[in-house]
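File shown: query.tsv (TSV, C-alpha atoms).
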chain	number	residue	atom	x	y	z
A	1	MET	CA	-119.92	-117.64	48.99
A	2	ASP	CA	-116.64	-119.38	49.78
A	3	ILE	CA	-115.98	-122.46	47.62
A	4	SER	CA	-113.69	-124.03	50.23
A	5	LYS	CA	-116.60	-124.16	52.71
A	6	TRP	CA	-118.63	-126.16	50.21
A	7	GLU	CA	-115.69	-128.53	49.73
A	8	VAL	CA	-115.80	-129.19	53.49
A	9	PHE	CA	-119.58	-129.70	53.27
A	10	LEU	CA	-119.12	-132.24	50.48
A	11	LYS	CA	-116.46	-134.19	52.38
A	12	VAL	CA	-118.70	-134.38	55.47
A	13	ALA	CA	-121.64	-135.40	53.28
A	14	ASP	CA	-119.52	-138.17	51.71
A	15	THR	CA	-118.18	-139.52	55.02
A	16	LEU	CA	-121.20	-138.70	57.21
A	17	ASN	CA	-118.65	-138.15	59.97
A	18	VAL	CA	-117.12	-134.83	60.99
A	19	THR	CA	-114.00	-136.42	62.50
A	20	ALA	CA	-113.29	-138.57	59.43
A	21	ALA	CA	-113.85	-135.59	57.13
A	22	ALA	CA	-111.50	-133.46	59.23
A	23	GLU	CA	-108.78	-136.11	59.04
A	24	GLN	CA	-109.13	-136.43	55.26
A	25	LEU	CA	-109.04	-132.65	54.83
A	26	HIS	CA	-106.12	-132.27	57.27
A	27	LEU	CA	-108.19	-129.94	59.45
A	28	SER	CA	-109.20	-130.06	63.09
A	29	GLN	CA	-112.62	-131.40	64.02
A	30	SER	CA	-113.50	-128.05	65.59
A	31	GLY	CA	-112.44	-126.31	62.36
A	32	VAL	CA	-114.79	-128.46	60.28
A	33	SER	CA	-117.60	-127.91	62.79
A	34	TYR	CA	-116.99	-124.16	62.59
A	35	VAL	CA	-117.19	-124.21	58.78
A	36	LEU	CA	-120.46	-126.14	58.95
A	37	ARG	CA	-121.90	-123.65	61.45
A	38	CYS	CA	-120.89	-120.78	59.13
A	39	LEU	CA	-122.58	-122.47	56.17
A	40	GLU	CA	-125.71	-123.07	58.23
A	41	GLN	CA	-125.76	-119.38	59.16
A	42	GLU	CA	-125.34	-118.40	55.51
A	43	THR	CA	-128.08	-120.75	54.29
A	44	CYS	CA	-130.40	-120.09	57.29
A	45	PHE	CA	-131.13	-123.81	57.73
A	46	PRO	CA	-129.34	-126.82	59.24
A	47	LEU	CA	-127.32	-128.93	56.81
A	48	PHE	CA	-126.71	-131.92	59.09
A	49	ALA	CA	-128.49	-133.63	61.94
A	50	ARG	CA	-125.85	-134.59	64.47
A	51	HIS	CA	-125.85	-138.00	66.16
A	52	LYS	CA	-123.38	-139.89	68.36
A	53	GLN	CA	-122.50	-142.15	65.40
A	54	GLY	CA	-121.94	-139.24	63.01
A	55	VAL	CA	-124.17	-136.94	61.02
A	56	ALA	CA	-127.03	-137.25	58.56
A	57	LEU	CA	-127.96	-134.84	55.80
A	58	THR	CA	-131.11	-132.81	56.34
A	59	ALA	CA	-133.72	-132.64	53.57
A	60	PRO	CA	-132.56	-129.21	52.37
A	61	ALA	CA	-128.93	-130.43	52.30
A	62	GLU	CA	-130.00	-133.49	50.27
A	63	GLU	CA	-131.52	-131.09	47.76
A	64	LEU	CA	-128.33	-129.00	47.60
A	65	LEU	CA	-125.92	-131.95	47.39
A	66	PRO	CA	-126.12	-132.70	43.63
A	67	VAL	CA	-125.81	-129.01	42.77
A	68	ILE	CA	-122.76	-128.60	45.02
A	69	ARG	CA	-121.20	-131.77	43.55
A	70	GLY	CA	-121.71	-130.42	40.02
A	71	PHE	CA	-120.41	-126.97	40.95
A	72	LEU	CA	-117.22	-128.36	42.49
A	73	GLY	CA	-116.78	-130.71	39.53
A	74	GLU	CA	-116.92	-127.74	37.18
A	75	LYS	CA	-114.32	-125.98	39.32
A	76	GLU	CA	-112.00	-128.94	38.73
A	77	LYS	CA	-112.68	-128.81	34.97
A	78	ILE	CA	-111.78	-125.12	34.91
A	79	GLY	CA	-108.45	-125.94	36.54
A	80	GLN	CA	-107.81	-128.69	34.00
A	81	ILE	CA	-108.57	-126.38	31.06
A	82	ILE	CA	-106.28	-123.68	32.43
A	83	SER	CA	-103.51	-126.25	32.94
A	84	GLY	CA	-104.01	-127.53	29.39
A	85	ILE	CA	-103.77	-124.04	27.95
A	86	ASN	CA	-100.49	-123.63	29.83
A	87	GLY	CA	-99.19	-126.94	28.42
A	88	LEU	CA	-99.60	-128.96	31.61
A	89	SER	CA	-101.48	-132.20	32.18
A	90	ARG	CA	-103.79	-132.15	35.15
A	91	GLY	CA	-106.40	-134.53	36.46
A	92	THR	CA	-107.07	-137.33	38.86
A	93	LEU	CA	-105.21	-140.60	38.56
A	94	ARG	CA	-106.67	-143.57	40.38
A	95	ILE	CA	-104.57	-146.69	40.74
A	96	ALA	CA	-106.01	-149.97	41.95
A	97	ALA	CA	-104.20	-153.18	42.79
A	98	TYR	CA	-105.66	-156.65	43.17
A	99	GLN	CA	-104.12	-159.76	44.62

Take the structure in this file and express it as structure tokens.
Amino acid sequence: MDISKWEVFLKVADTLNVTAAAEQLHLSQSGVSYVLRCLEQETCFPLFARHKQGVALTAPAEELLPVIRGFLGEKEKIGQIISGINGLSRGTLRIAAYQ
């Protein structure tokens, strides 16, 4: 199981659009589609129903989504712990501005 494939899955699930996910991941649309096809072959079921307006999660993908989100969140925590042990600060900084 390749973690980076599941990161692509999560981005497509968040955007519900392969093109938008590809842009955000700095990948080609065909590259994202290829990753999704590979995941669907690995899982033996479709993850997304494709439409002209974008994609929709299938029922099995809806069931997997919270587990994948948690798994990738834990991956980030592992990186933060390792950085902390090495004396580095690591995390996500969100900055908002209002008029």

Practice problem: Kindly provide, as number ranges by chain, the polymer residues lying within 12 Å of (-129.6, -132.5, 61.9), counting all atoms listed in the file and using the coordinates exactly as they appear in the file. | Solution: A: 16, 36-37, 40, 45-52, 54-62

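Atom pair CA of Ala22 in chain A / CA of Trp6 in chain A: separated by 13.6 Å.
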
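Between CA of Pro66 in chain A and CA of Ser89 in chain A the separation is 27.2 Å.
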
Exercise. Find the residues near range 70-87 of chain A: any atom within 10 Å, counting all atoms listed in the file, skip ones fewer than 2 places away on the same chain, and give them as number ranges by chain.
Key: A: 3-4, 6-7, 10, 65-68, 89-92

Take the residues just selected and output them with C-alpha atoms as a PDB file, keeping the file's coordinate frame.
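Everything below was put into part23.pdb:
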ATOM      1  CA  ILE A   3    -115.980-122.460  47.620  1.00  0.00           C
ATOM      2  CA  SER A   4    -113.690-124.030  50.230  1.00  0.00           C
ATOM      3  CA  TRP A   6    -118.630-126.160  50.210  1.00  0.00           C
ATOM      4  CA  GLU A   7    -115.690-128.530  49.730  1.00  0.00           C
ATOM      5  CA  LEU A  10    -119.120-132.240  50.480  1.00  0.00           C
ATOM      6  CA  LEU A  65    -125.920-131.950  47.390  1.00  0.00           C
ATOM      7  CA  PRO A  66    -126.120-132.700  43.630  1.00  0.00           C
ATOM      8  CA  VAL A  67    -125.810-129.010  42.770  1.00  0.00           C
ATOM      9  CA  ILE A  68    -122.760-128.600  45.020  1.00  0.00           C
ATOM     10  CA  SER A  89    -101.480-132.200  32.180  1.00  0.00           C
ATOM     11  CA  ARG A  90    -103.790-132.150  35.150  1.00  0.00           C
ATOM     12  CA  GLY A  91    -106.400-134.530  36.460  1.00  0.00           C
ATOM     13  CA  THR A  92    -107.070-137.330  38.860  1.00  0.00           C
TER      14      THR A  92
END

Hey, can I get the axis-aligned box for range 61-68 of chain A? All listed atoms, 8 Å padding on each side, centre and edge lengths in Å to one decimal, as JSON.
{"center_x": -127.1, "center_y": -131.0, "center_z": 47.5, "size_x": 24.8, "size_y": 20.9, "size_z": 25.5}

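Taking CA of Val35 in chain A and CA of Lys5 in chain A as endpoints, the distance between them is 6.1 Å.
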